[in-house]
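*Asks:* Handing over protein.cif, mmCIF, C-alpha atoms and all ligand atoms.
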data_structure
loop_
_atom_site.label_atom_id
_atom_site.label_comp_id
_atom_site.auth_asym_id
_atom_site.auth_seq_id
_atom_site.Cartn_x
_atom_site.Cartn_y
_atom_site.Cartn_z
CA MET A 1 119.62 81.29 100.40
CA SER A 2 118.81 84.71 99.11
CA VAL A 3 118.65 83.70 95.49
CA GLY A 4 115.18 84.87 94.66
CA ALA A 5 112.92 85.18 91.70
CA SER A 6 114.65 83.85 88.64
CA SER A 7 114.27 85.11 85.14
CA ILE A 8 114.39 81.52 83.96
CA ASN A 9 112.41 78.65 85.30
CA THR A 10 114.69 75.79 86.21
CA ALA A 11 112.21 73.99 88.46
CA HIS A 12 110.31 70.89 87.45
CA PRO A 13 107.15 69.68 89.24
CA SER A 14 108.78 66.37 90.15
CA GLN A 15 112.05 67.96 91.29
CA ASP A 16 113.32 66.86 94.69
CA TYR A 17 113.62 70.25 96.37
CA ALA A 18 115.41 68.83 99.42
CA ASN A 19 118.31 67.96 97.12
CA ALA A 20 118.34 71.23 95.21
CA ILE A 21 121.16 72.50 97.40
CA ASP A 22 124.32 70.45 97.74
CA ARG A 23 124.55 70.11 101.53
CA ASN A 24 128.08 68.71 101.32
CA VAL A 25 129.41 72.17 100.55
CA PRO A 26 130.85 73.57 103.82
CA SER A 27 128.69 76.28 105.42
CA PHE A 28 129.59 79.89 104.70
CA THR A 29 132.39 81.50 106.63
CA ALA A 30 133.48 85.10 106.72
CA ALA A 31 135.87 86.08 103.92
CA GLU A 32 139.49 86.76 104.87
CA ALA A 33 142.19 88.78 103.08
CA PRO A 34 143.15 85.94 100.65
CA ASP A 35 139.47 85.53 99.65
CA GLU A 36 139.34 89.25 98.97
CA ASN A 37 142.46 89.12 96.82
CA SER A 38 141.21 86.14 94.95
CA TYR A 39 137.74 87.58 94.25
CA PHE A 40 138.89 91.04 93.18
CA THR A 41 141.69 89.62 91.03
CA ASN A 42 139.60 87.00 89.28
CA ASN A 43 136.54 89.14 88.57
CA LEU A 44 136.49 92.28 86.44
CA PRO A 45 135.77 95.70 87.94
CA PRO A 46 132.62 97.40 86.59
CA PRO A 47 133.21 100.23 84.07
CA GLU A 48 131.69 102.83 86.42
CA LEU A 49 134.13 102.08 89.28
CA GLU A 50 136.51 104.97 88.63
CA GLU A 51 133.81 107.54 88.05
CA TYR A 52 131.86 106.57 91.17
CA SER A 53 135.03 106.53 93.25
CA ALA A 54 135.93 110.03 92.10
CA ARG A 55 132.43 111.35 92.79
CA THR A 56 132.43 109.76 96.24
CA GLU A 57 135.81 111.27 97.03
CA GLU A 58 134.49 114.74 96.14
CA PHE A 59 131.31 114.18 98.12
CA VAL A 60 133.25 113.05 101.19
CA LYS A 61 135.62 116.03 100.98
CA HIS A 62 132.70 118.43 100.75
CA HIS A 63 130.84 117.04 103.76
CA PHE A 64 133.99 116.55 105.79
CA ARG A 65 134.54 120.32 105.45
CA HIS A 66 130.96 120.90 106.67
CA GLN A 67 131.52 118.46 109.56
CA ARG A 68 128.53 116.39 108.53
CA ARG A 69 128.07 112.69 109.15
CA ILE A 70 127.79 110.52 106.04
CA VAL A 71 125.78 107.34 105.62
CA LEU A 72 126.37 104.90 102.79
CA ILE A 73 123.07 103.14 102.16
CA THR A 74 122.94 100.06 99.97
CA SER A 75 119.52 99.33 98.54
CA GLY A 76 117.70 96.98 96.18
CA GLY A 77 118.52 93.55 94.84
CA THR A 78 121.73 92.34 93.20
CA THR A 79 121.59 90.30 90.01
CA VAL A 80 123.63 87.22 89.15
CA PRO A 81 124.14 87.16 85.37
CA LEU A 82 124.32 83.75 83.71
CA GLU A 83 125.97 85.11 80.57
CA ASN A 84 128.59 87.81 79.95
CA GLN A 85 126.37 89.33 77.32
CA THR A 86 123.49 89.01 79.67
CA VAL A 87 120.11 87.80 78.60
CA ARG A 88 119.31 85.68 81.66
CA PHE A 89 120.04 86.48 85.27
CA ILE A 90 118.99 85.45 88.77
CA ASP A 91 117.62 88.22 90.92
CA ASN A 92 117.19 88.88 94.60
CA PHE A 93 114.01 90.10 96.12
CA SER A 94 113.99 93.82 97.03
CA ALA A 95 112.05 96.80 95.73
CA GLY A 96 114.41 99.23 97.45
CA THR A 97 111.71 100.52 99.80
CA ARG A 98 113.80 100.05 102.94
CA GLY A 99 116.79 101.88 101.51
CA ALA A 100 114.96 104.72 99.77
CA THR A 101 112.68 105.43 102.72
CA SER A 102 115.55 105.30 105.21
CA ALA A 103 117.56 107.71 103.04
CA GLU A 104 114.88 110.38 103.48
CA TYR A 105 114.95 110.00 107.28
CA PHE A 106 118.74 110.13 107.37
CA LEU A 107 118.64 113.34 105.35
CA GLU A 108 116.12 114.76 107.82
CA ALA A 109 118.48 113.79 110.62
CA GLY A 110 121.23 115.92 109.03
CA TYR A 111 123.26 113.21 107.31
CA ALA A 112 124.67 113.35 103.81
CA VAL A 113 123.67 110.18 101.97
CA ILE A 114 125.51 108.04 99.44
CA PHE A 115 122.77 105.92 97.93
CA LEU A 116 124.28 102.84 96.29
CA HIS A 117 121.21 101.29 94.75
CA ARG A 118 120.02 98.80 92.20
CA GLN A 119 119.29 100.62 88.96
CA PHE A 120 115.55 101.38 88.57
CA SER A 121 114.73 100.42 92.15
CA LEU A 122 113.01 102.97 94.41
CA LEU A 123 114.76 106.29 95.00
CA PRO A 124 114.37 108.74 97.87
CA TYR A 125 111.56 111.27 97.23
CA SER A 126 110.56 110.05 93.77
CA ARG A 127 109.53 106.75 95.45
CA HIS A 128 106.31 108.48 96.53
CA TYR A 129 105.25 108.62 92.90
CA SER A 130 107.44 106.45 90.69
CA HIS A 131 106.47 102.88 91.61
CA SER A 132 103.01 103.77 92.84
CA THR A 133 100.08 101.64 91.79
CA ASN A 134 98.92 104.78 90.01
CA CYS A 135 100.51 106.14 86.92
CA PHE A 136 102.30 109.38 87.88
CA LEU A 137 99.98 111.18 85.46
CA ASP A 138 97.11 110.38 87.85
CA PHE A 139 98.63 112.86 90.28
CA LEU A 140 98.37 115.67 87.72
CA SER A 141 95.56 117.66 86.20
CA GLU A 142 95.26 120.38 83.59
CA ALA A 143 95.68 123.83 85.02
CA PRO A 144 93.01 126.45 84.21
CA PRO A 145 94.23 129.07 81.74
CA ILE A 146 96.28 131.78 83.43
CA ASP A 147 95.18 135.43 82.95
CA GLY A 148 97.00 136.91 80.03
CA TYR A 149 98.08 133.48 78.83
CA ALA A 150 94.68 132.23 77.72
CA LYS A 151 96.15 129.99 75.06
CA LYS A 152 98.98 128.68 77.19
CA SER A 153 98.17 125.24 78.63
CA ALA A 154 99.82 123.94 81.77
CA VAL A 155 99.72 121.04 84.21
CA MET A 156 99.55 121.14 87.99
CA ALA A 157 99.31 118.67 90.88
CA ARG A 158 95.76 117.65 91.64
CA ALA A 159 94.45 119.59 94.63
CA GLU A 160 94.20 116.56 96.94
CA TYR A 161 97.90 115.72 96.43
CA SER A 162 99.47 119.13 96.17
CA ASP A 163 100.25 119.64 99.89
CA THR A 164 102.09 116.33 100.17
CA MET A 165 103.77 116.78 96.80
CA LEU A 166 104.95 120.27 97.71
CA SER A 167 106.43 119.00 100.96
CA VAL A 168 108.23 116.15 99.15
CA LEU A 169 109.40 118.54 96.41
CA ARG A 170 110.85 120.99 98.95
CA LYS A 171 112.81 118.27 100.72
CA TYR A 172 114.05 116.91 97.38
CA ASN A 173 115.12 120.37 96.21
CA HIS A 174 116.87 121.02 99.51
CA ALA A 175 118.83 117.76 99.21
CA LYS A 176 119.82 118.66 95.64
CA ARG A 177 120.71 122.29 96.38
CA GLU A 178 122.90 121.35 99.35
CA ASN A 179 124.48 118.40 97.53
CA LEU A 180 123.33 116.03 100.26
CA LEU A 181 122.41 113.02 98.16
CA LEU A 182 124.72 111.09 95.87
CA LEU A 183 122.86 108.54 93.74
CA LEU A 184 124.99 105.67 92.44
CA PRO A 185 123.23 102.81 90.60
CA PHE A 186 124.50 99.24 90.18
CA THR A 187 122.97 96.07 88.73
CA THR A 188 125.06 92.96 89.35
CA ILE A 189 126.42 91.39 92.53
CA ASN A 190 129.91 91.85 91.09
CA SER A 191 129.46 95.62 90.61
CA TYR A 192 127.95 95.86 94.07
CA LEU A 193 130.96 94.20 95.71
CA PHE A 194 133.56 96.24 93.79
CA LEU A 195 131.70 99.46 94.53
CA LEU A 196 131.10 98.72 98.20
CA ARG A 197 134.81 98.16 98.72
CA ALA A 198 135.93 101.21 96.75
CA LEU A 199 133.37 103.58 98.27
CA ALA A 200 134.00 102.35 101.82
CA MET A 201 137.70 103.12 101.37
CA LYS A 202 136.88 106.59 100.03
CA MET A 203 134.91 107.26 103.21
CA GLU A 204 137.98 106.62 105.35
CA PRO A 205 138.57 110.35 106.16
CA MET A 206 135.16 110.45 107.89
CA GLY A 207 136.45 108.13 110.64
CA SER A 208 133.70 107.23 113.09
CA LYS A 209 131.35 109.73 111.42
CA ALA A 210 130.90 107.23 108.60
CA LEU A 211 127.87 104.96 108.84
CA PHE A 212 127.17 101.92 106.66
CA TYR A 213 123.53 100.88 106.38
CA LEU A 214 123.48 97.72 104.30
CA ALA A 215 119.87 97.20 103.25
CA ALA A 216 120.52 95.74 99.79
CA ALA A 217 119.52 92.15 99.18
CA VAL A 218 122.92 90.62 98.53
CA SER A 219 123.02 87.45 96.52
CA ASP A 220 124.58 84.50 98.32
CA PHE A 221 125.48 82.64 95.10
CA PHE A 222 126.98 83.59 91.78
CA VAL A 223 128.59 82.26 88.58
CA PRO A 224 132.34 82.96 88.69
CA ARG A 225 133.79 84.68 85.65
CA GLU A 226 135.73 81.65 84.45
CA ARG A 227 132.53 79.61 84.22
CA MET A 228 130.38 82.30 82.69
CA SER A 229 129.09 81.71 79.18
CA GLU A 230 130.01 84.59 76.83
CA HIS A 231 126.84 84.46 74.74
CA LYS A 232 123.23 83.64 75.37
CA ILE A 233 122.92 80.02 76.53
CA GLN A 234 121.29 78.05 73.74
CA SER A 235 118.38 75.88 74.73
CA GLY A 236 119.16 73.22 72.11
CA ASP A 237 122.95 73.49 72.22
CA PHE A 238 123.84 73.00 75.85
CA ASN A 239 127.19 71.28 75.38
CA GLU A 240 128.95 74.49 74.51
CA SER A 241 128.11 76.01 77.85
CA GLN A 242 130.54 75.45 80.69
CA LEU A 243 127.68 76.10 83.05
CA VAL A 244 126.10 72.85 82.13
CA ASP A 245 127.28 69.32 82.75
CA PRO A 246 126.89 67.75 79.26
CA SER A 247 126.73 64.26 80.76
CA ALA A 248 123.81 65.16 83.00
CA SER A 249 120.70 63.20 82.24
CA GLY A 250 118.10 65.10 80.31
CA VAL A 251 120.61 67.49 78.70
CA GLY A 252 118.77 69.34 76.01
CA LYS A 253 115.77 69.79 78.30
CA LYS A 254 117.18 70.97 81.61
CA LEU A 255 119.49 73.80 82.51
CA ILE A 256 121.58 72.87 85.55
CA ILE A 257 123.28 75.87 87.07
CA ASP A 258 126.35 75.47 89.24
CA LEU A 259 126.68 78.47 91.55
CA ASP A 260 129.57 79.32 93.87
CA PRO A 261 129.04 81.02 97.23
CA VAL A 262 129.61 84.78 97.16
CA PRO A 263 132.40 85.53 99.66
CA LYS A 264 130.99 87.07 102.85
CA PHE A 265 132.80 90.38 102.70
CA LEU A 266 131.16 92.02 105.68
CA LYS A 267 134.11 91.04 107.86
CA ARG A 268 136.50 92.69 105.40
CA LEU A 269 134.40 95.86 105.56
CA VAL A 270 134.64 95.85 109.35
CA GLU A 271 138.30 94.95 109.63
CA SER A 272 139.90 96.48 106.60
CA TRP A 273 137.75 98.68 104.35
CA ALA A 274 136.11 100.88 107.00
CA PRO A 275 137.53 99.97 110.42
CA LYS A 276 136.41 103.20 112.08
CA GLY A 277 132.91 103.40 110.65
CA MET A 278 129.74 102.07 112.25
CA ILE A 279 128.36 99.11 110.32
CA VAL A 280 124.71 98.11 110.31
CA SER A 281 123.56 95.09 108.32
CA PHE A 282 120.11 93.67 107.63
CA LYS A 283 119.16 90.03 107.94
CA LEU A 284 116.25 88.72 105.97
CA GLU A 285 114.55 85.48 106.91
CA THR A 286 111.19 83.86 106.27
CA ASP A 287 111.14 81.60 109.36
CA GLU A 288 110.58 83.60 112.55
CA THR A 289 111.97 80.84 114.77
CA ILE A 290 115.49 81.36 113.41
CA LEU A 291 115.55 85.14 112.90
CA LEU A 292 117.13 86.14 116.22
CA LYS A 293 119.62 83.28 116.08
CA LYS A 294 120.71 84.31 112.59
CA CYS A 295 121.12 87.96 113.66
CA ARG A 296 123.31 86.92 116.58
CA LEU A 297 125.30 84.58 114.39
CA ALA A 298 125.95 87.43 111.93
CA LEU A 299 127.22 89.66 114.74
CA LYS A 300 129.48 86.93 116.03
CA ARG A 301 130.77 86.10 112.57
CA TYR A 302 131.47 89.63 111.33
CA SER A 303 132.02 91.58 114.60
CA HIS A 304 130.14 94.61 113.34
CA HIS A 305 127.88 96.89 115.34
CA LEU A 306 124.22 96.23 114.68
CA VAL A 307 122.07 93.72 112.84
CA ILE A 308 118.51 94.59 111.93
CA GLY A 309 116.46 91.45 111.47
CA ASN A 310 113.30 91.32 109.42
CA LEU A 311 110.93 88.71 108.11
CA LEU A 312 109.85 88.83 104.52
CA GLN A 313 106.19 88.70 105.53
CA THR A 314 106.25 91.49 108.14
CA ARG A 315 109.23 93.62 107.10
CA LYS A 316 107.14 96.76 106.64
CA PHE A 317 105.72 96.62 110.17
CA GLN A 318 108.29 94.98 112.40
CA VAL A 319 112.05 94.68 112.73
CA VAL A 320 114.39 93.60 115.51
CA LEU A 321 117.64 95.37 116.39
CA VAL A 322 120.40 93.17 117.74
CA ASP A 323 123.33 95.04 119.15
CA SER A 324 126.93 93.94 119.41
CA VAL A 325 127.19 95.36 122.93
CA ASP A 326 124.93 92.75 124.43
CA PRO A 327 123.29 90.78 121.67
CA VAL A 328 121.64 88.21 123.92
CA LYS A 329 119.99 90.57 126.41
CA GLN A 330 118.97 93.46 124.25
CA PRO A 331 117.09 92.63 121.10
CA ARG A 332 114.92 95.67 120.52
CA TRP A 333 111.72 95.17 118.57
CA LEU A 334 110.30 98.09 116.61
CA THR A 335 106.75 97.92 115.34
CA VAL A 336 104.30 100.20 113.54
CA ALA A 337 100.56 99.63 113.39
CA GLN A 338 99.56 97.42 110.51
CA ARG A 339 96.46 98.48 108.69
CA ASP A 340 93.97 96.05 107.30
CA GLU A 341 94.83 96.72 103.69
CA HIS A 342 91.64 95.20 102.35
CA LYS A 343 89.42 97.46 104.49
CA GLU A 344 91.61 100.45 103.75
CA ASP A 345 91.34 99.79 100.04
CA GLU A 346 87.55 99.76 100.32
CA LYS A 347 87.65 103.04 102.27
CA SER A 348 89.95 104.69 99.78
CA ALA A 349 87.88 103.41 96.90
CA SER A 350 84.81 105.05 98.36
CA ASN A 351 86.83 108.27 98.76
CA ALA A 352 88.14 108.05 95.24
CA ASP A 353 87.44 110.59 92.59
CA GLU A 354 84.53 108.85 90.90
CA LYS A 355 84.24 111.50 88.22
CA ASN A 356 87.57 110.49 86.78
CA GLY A 357 87.32 106.90 87.93
CA VAL A 358 90.73 107.19 89.59
CA LYS A 359 91.45 105.10 92.67
CA PHE A 360 94.50 105.75 94.77
CA ALA A 361 96.43 103.27 96.87
CA THR A 362 96.30 103.56 100.64
CA LYS A 363 99.42 104.23 102.69
CA GLN A 364 100.51 103.72 106.27
CA ASP A 365 100.47 106.80 108.48
CA SER A 366 103.93 106.07 109.76
CA GLU A 367 106.85 104.23 108.24
CA ILE A 368 108.95 101.80 110.22
CA GLU A 369 112.11 103.29 108.67
CA GLU A 370 111.48 106.47 110.68
CA GLN A 371 111.85 104.51 113.92
CA ILE A 372 114.77 102.47 112.60
CA VAL A 373 116.68 105.59 111.58
CA ILE A 374 116.03 107.34 114.92
CA GLU A 375 117.50 104.30 116.72
CA VAL A 376 120.47 103.95 114.37
CA VAL A 377 121.30 107.67 114.55
CA ARG A 378 121.15 107.56 118.36
CA ARG A 379 123.51 104.58 118.46
CA HIS A 380 125.83 106.15 115.89
CA GLY A 381 126.02 109.33 118.00
CA ALA A 382 126.84 107.29 121.11
CA ARG A 383 129.53 105.41 119.23
CA ILE A 384 131.15 108.61 117.96
CA TRP A 385 131.35 109.85 121.55
CA ASP A 386 132.86 106.56 122.67
CA VAL A 387 135.50 106.74 119.95
CA VAL A 388 136.34 110.34 120.80
CA ALA A 389 136.53 109.52 124.51
CA ALA A 390 138.78 106.53 123.86
CA THR A 391 141.09 107.96 121.21
CA GLY A 392 140.76 111.73 121.47
CA SER A 393 139.82 111.97 117.80
CA LEU A 394 136.96 111.03 115.49
O1 LIG L 401 113.81 96.73 99.52
P1 LIG L 401 112.62 96.18 100.27
O2 LIG L 401 111.63 95.56 99.33
O3 LIG L 401 112.03 97.19 101.22
O4 LIG L 401 113.17 94.97 101.17
C1 LIG L 401 114.09 95.27 102.18
C2 LIG L 401 114.94 94.01 102.53
C3 LIG L 401 114.04 92.94 103.10
C4 LIG L 401 115.66 93.50 101.28
C5 LIG L 401 115.99 94.50 103.60
O5 LIG L 401 115.32 94.95 104.74
C6 LIG L 401 116.93 93.38 103.98
O6 LIG L 401 116.66 92.54 104.80
N1 LIG L 401 118.14 93.37 103.34
C7 LIG L 401 119.13 92.28 103.52
C8 LIG L 401 118.75 91.13 102.63
C9 LIG L 401 119.80 90.05 102.61
O7 LIG L 401 120.66 90.04 101.79
O8 LIG L 401 119.67 89.19 103.58
P2 LIG L 401 120.55 87.87 103.78
O9 LIG L 401 120.13 87.39 105.10
O10 LIG L 401 120.46 86.97 102.63
O11 LIG L 401 122.05 88.37 103.81
C10 LIG L 401 122.36 89.43 104.60
C11 LIG L 401 123.70 89.42 105.22
O12 LIG L 401 124.60 88.43 104.72
C12 LIG L 401 124.41 90.70 104.96
O13 LIG L 401 123.90 91.76 105.69
C13 LIG L 401 125.75 90.24 105.39
O14 LIG L 401 125.74 90.03 106.75
C14 LIG L 401 125.90 88.92 104.78
N2 LIG L 401 126.48 88.91 103.44
C15 LIG L 401 125.72 88.52 102.39
C16 LIG L 401 126.30 88.39 101.16
C17 LIG L 401 127.64 88.71 101.03
N3 LIG L 401 128.25 88.61 99.88
N4 LIG L 401 128.37 89.12 102.06
C18 LIG L 401 127.82 89.21 103.26
O15 LIG L 401 128.53 89.55 104.18
#
Do you think you could lay out the structure here as C-alpha cells?
Ligand code: PMT
*Replies:*
Amino acid sequence: MSVGASSINTAHPSQDYANAIDRNVPSFTAAEAPDENSYFTNNLPPPELEEYSARTEEFVKHHFRHQRRIVLITSGGTTVPLENQTVRFIDNFSAGTRGATSAEYFLEAGYAVIFLHRQFSLLPYSRHYSHSTNCFLDFLSEAPPIDGYAKKSAVMARAEYSDTMLSVLRKYNHAKRENLLLLLPFTTINSYLFLLRALAMKMEPMGSKALFYLAAAVSDFFVPRERMSEHKIQSGDFNESQLVDPSASGVGKKLIIDLDPVPKFLKRLVESWAPKGMIVSFKLETDETILLKKCRLALKRYSHHLVIGNLLQTRKFQVVLVDSVDPVKQPRWLTVAQRDEHKEDEKSASNADEKNGVKFATKQDSEIEEQIVIEVVRRHGARIWDVVAATGSL
C-alpha cells in the first residue's frame, strides 16, 4: 500500500492494524480497456490538461526535428483529496529526488526531458539549493563595491560554493536555451493519470525513441468522484458525508475512509498509450525479502521493459534492475558508497564557516541516479536498434 503520510490522523492507539485493510477485496489486477473508459469517463480531467497537451505536442515536434530522444519522467508523490474543495488529503511519500536528479543525467546524456512532477517537489538544477537544509540565502554573500559603482550594492555566491553553482547554472541555462526541459506540475492522483495518458499519446511520433521513466510515487487508493464530499468534512457533522458510514460505531469521533483501488494503468501505457516506447517503472518496498518478487510480478503483470526496485531505507544507495528479457537470471544491483552521515556531519561542522555560524549539509560524492541513467540509456539504445532491425523504422 503506497498510501503514505496522511494530513489527518485516523489511527487510534487501540486500532487493530491487521484489520485496517479489507483483505476480502480481490488483489489488484492490471487495468484493461473497459477500466480505462470507466475511469476517464467518471472522473473529471484537470483544468491544465489541454495546455499541457499542447505544450507537449510542440516540444515533441521540436525534438523530433532535431532527432533527439525524449524521456518523460514522472516524479514526486500524488495526493488523494478527501474533499472536492480540498482541505484534507492523503499523500504519498516522495521528495522528488529520484526524478529531479535523474532528469539532470538524462539531459547530460543528450535527451530532451518532459518532467511531470508533483508541484513544489524537487526540480532539476534548483534541487541543489531549493530544499537544502540551508536557506538559499546561506549560499550568498554581499559583494564588495564595484569600482565606479561605490554606492551600488550587489550579491554574489559565496566563494566556497561559486564553482559548483556556476557549473549548475551553466547546465541549467543550456537546458533552457535549447528548450530541453519541459516542466509540468501536477498535484492529485487524478491529474497525474489524466496527464500521463495524454502526454504519452502526444509522444507517439517519437516511436521507440520515447522513454518513460516512472519514478513518481503513485497512490494505490483513492476516493472516487461520486463519493467525494464537496466541502470540508465536518468533525461534528459526519452524517452529511458520503465518505462516512453514519451507522458506524463511534461516529462523531472517528473518520472512516473508504478508498477504492486506483486502476493499474501501466498495462494500458504499454499496450495502448505508448506501444512503441520503452517503459521503465519503479517499485518501492520496505521489506527486502519481497522486493525482487514484486519487481518480477510487475514485469509479468504489465509486460513492460524494466523495473527498478528500491527499498525505502536504502533507496539513495542501492537499486536493483529487473529486465523483461530475462527477469529471473539477470537482476542487476547498482550501489554507491554510503557515507556515515553522522561522522560526515561532524567533519562538515568542523569545516563550517564559524565566523558566520553557518553549517552546511554534507553530500554524497556520487549519486545513484547517475548509474541508473547510464544503464537505462544503454538499454534504451539497444532497444531502438532492435526495433529498427525488426521493423526497418524507429
Ligand atoms: O522522490 P524520492 O524521495 O527520491 O523517492 C523516490 C521513490 C522511492 C518514490 C521512487 O524511487 C519510487 O520507487 N517510485 C515508485 C513508488 C511507487 O509508487 O511504488 P509502488 O510499488 O507503490 O507502485 C509502483 C508501481 O505500481 C508502478 O510503477 C506501477 O507498476 C504500478 N502502478 C501503481 C499505481 C497505478 N495507478 N498504476 C500502476 O500501474
*Asks:* Considering only C-alpha atoms, tabulate each residue of range 175-238 of chain A that lies at most 7 Å from range 51-67 of chain A along with its nearest interatomic pair and the corresponding distance in Å to one decimal; arrange the rows by chain and ascending residue number and present them as a tab-separated table.
*Replies:*
residue	atom	partner	partner_atom	distance
A:Ala198	CA	A:Ser53	CA	6.4
A:Leu199	CA	A:Ser53	CA	6.1
A:Lys202	CA	A:Glu57	CA	5.7
A:Met203	CA	A:Val60	CA	6.4
A:Met206	CA	A:Phe64	CA	6.6
*Asks:* From the list A:Pro47, A:Pro34, A:Pro261, A:Gly96, which residue is nearest ligand LIG 401 (chain L) when using all atoms listed in the file?
*Replies:*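 Nearest candidate to ligand LIG 401 (chain L) out of A:Pro47, A:Pro34, A:Pro261, A:Gly96: A:Gly96.
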*Asks:* Quick one: residues within 8 Å of Tyr213 in chain A, only C-alpha atoms, excluding same-chain residues fewer than 5 positions away - as a PyMOL selection string?
*Replies:* chain A and resi 71-74+279-281
*Asks:* Please check which protein, DNA or RNA residues sit within 8 Å of ligand LIG 401 (chain L), counting only C-alpha atoms and all ligand atoms, and write them as a PDB file with C-alpha atoms, in the coordinates of the input.
*Replies:*
ATOM      1  CA  MET A   1     119.620  81.290 100.400  1.00  0.00           C
ATOM      2  CA  SER A   2     118.810  84.710  99.110  1.00  0.00           C
ATOM      3  CA  ALA A  30     133.480  85.100 106.720  1.00  0.00           C
ATOM      4  CA  SER A  75     119.520  99.330  98.540  1.00  0.00           C
ATOM      5  CA  GLY A  76     117.700  96.980  96.180  1.00  0.00           C
ATOM      6  CA  GLY A  77     118.520  93.550  94.840  1.00  0.00           C
ATOM      7  CA  PHE A  93     114.010  90.100  96.120  1.00  0.00           C
ATOM      8  CA  SER A  94     113.990  93.820  97.030  1.00  0.00           C
ATOM      9  CA  ALA A  95     112.050  96.800  95.730  1.00  0.00           C
ATOM     10  CA  GLY A  96     114.410  99.230  97.450  1.00  0.00           C
ATOM     11  CA  THR A  97     111.710 100.520  99.800  1.00  0.00           C
ATOM     12  CA  ARG A  98     113.800 100.050 102.940  1.00  0.00           C
ATOM     13  CA  GLY A  99     116.790 101.880 101.510  1.00  0.00           C
ATOM     14  CA  LEU A 193     130.960  94.200  95.710  1.00  0.00           C
ATOM     15  CA  LEU A 214     123.480  97.720 104.300  1.00  0.00           C
ATOM     16  CA  ALA A 215     119.870  97.200 103.250  1.00  0.00           C
ATOM     17  CA  ALA A 216     120.520  95.740  99.790  1.00  0.00           C
ATOM     18  CA  ALA A 217     119.520  92.150  99.180  1.00  0.00           C
ATOM     19  CA  VAL A 218     122.920  90.620  98.530  1.00  0.00           C
ATOM     20  CA  SER A 219     123.020  87.450  96.520  1.00  0.00           C
ATOM     21  CA  ASP A 220     124.580  84.500  98.320  1.00  0.00           C
ATOM     22  CA  VAL A 262     129.610  84.780  97.160  1.00  0.00           C
ATOM     23  CA  PRO A 263     132.400  85.530  99.660  1.00  0.00           C
ATOM     24  CA  LYS A 264     130.990  87.070 102.850  1.00  0.00           C
ATOM     25  CA  PHE A 265     132.800  90.380 102.700  1.00  0.00           C
ATOM     26  CA  LEU A 266     131.160  92.020 105.680  1.00  0.00           C
ATOM     27  CA  LYS A 267     134.110  91.040 107.860  1.00  0.00           C
ATOM     28  CA  VAL A 280     124.710  98.110 110.310  1.00  0.00           C
ATOM     29  CA  SER A 281     123.560  95.090 108.320  1.00  0.00           C
ATOM     30  CA  PHE A 282     120.110  93.670 107.630  1.00  0.00           C
ATOM     31  CA  LYS A 283     119.160  90.030 107.940  1.00  0.00           C
ATOM     32  CA  LEU A 284     116.250  88.720 105.970  1.00  0.00           C
ATOM     33  CA  GLU A 285     114.550  85.480 106.910  1.00  0.00           C
ATOM     34  CA  ALA A 298     125.950  87.430 111.930  1.00  0.00           C
ATOM     35  CA  TYR A 302     131.470  89.630 111.330  1.00  0.00           C
ATOM     36  CA  VAL A 307     122.070  93.720 112.840  1.00  0.00           C
ATOM     37  CA  ILE A 308     118.510  94.590 111.930  1.00  0.00           C
ATOM     38  CA  GLY A 309     116.460  91.450 111.470  1.00  0.00           C
ATOM     39  CA  ASN A 310     113.300  91.320 109.420  1.00  0.00           C
ATOM     40  CA  LEU A 311     110.930  88.710 108.110  1.00  0.00           C
ATOM     41  CA  LEU A 312     109.850  88.830 104.520  1.00  0.00           C
ATOM     42  CA  ARG A 315     109.230  93.620 107.100  1.00  0.00           C
ATOM     43  CA  LYS A 316     107.140  96.760 106.640  1.00  0.00           C
TER      44      LYS A 316
END
*Asks:* Hey, can you check how far CA of Phe221 in chain A sits from CA of Leu123 in chain A?
*Replies:*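 Computed distance, CA of Phe221 in chain A to CA of Leu123 in chain A, equals 26.0 Å.
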*Asks:* Pick out the closest residue to Pro275 in chain A from this set: A:Phe186, A:Phe317, A:Trp333, A:Phe212. Count all atoms listed in the file.
*Replies:*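 The answer is A:Phe212, which sits nearest to Pro275 in chain A.
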*Asks:* Just to confirm, what's the straight-line distance from CA of Gln119 in chain A to CA of Thr79 in chain A in Å (one decimal)?
*Replies:* 10.6 Å
*Asks:* Give me the residues within 9 Å of Asn43 in chain A as a PDB file with C-alpha atoms, keeping the file's coordinate frame, counting all atoms listed in the file and dropping any in the same chain fewer than 3 places off.
*Replies:*
ATOM      1  CA  SER A  38     141.210  86.140  94.950  1.00  0.00           C
ATOM      2  CA  TYR A  39     137.740  87.580  94.250  1.00  0.00           C
ATOM      3  CA  PHE A  40     138.890  91.040  93.180  1.00  0.00           C
ATOM      4  CA  ASN A 190     129.910  91.850  91.090  1.00  0.00           C
ATOM      5  CA  PRO A 224     132.340  82.960  88.690  1.00  0.00           C
ATOM      6  CA  ARG A 225     133.790  84.680  85.650  1.00  0.00           C
ATOM      7  CA  GLU A 226     135.730  81.650  84.450  1.00  0.00           C
TER       8      GLU A 226
END
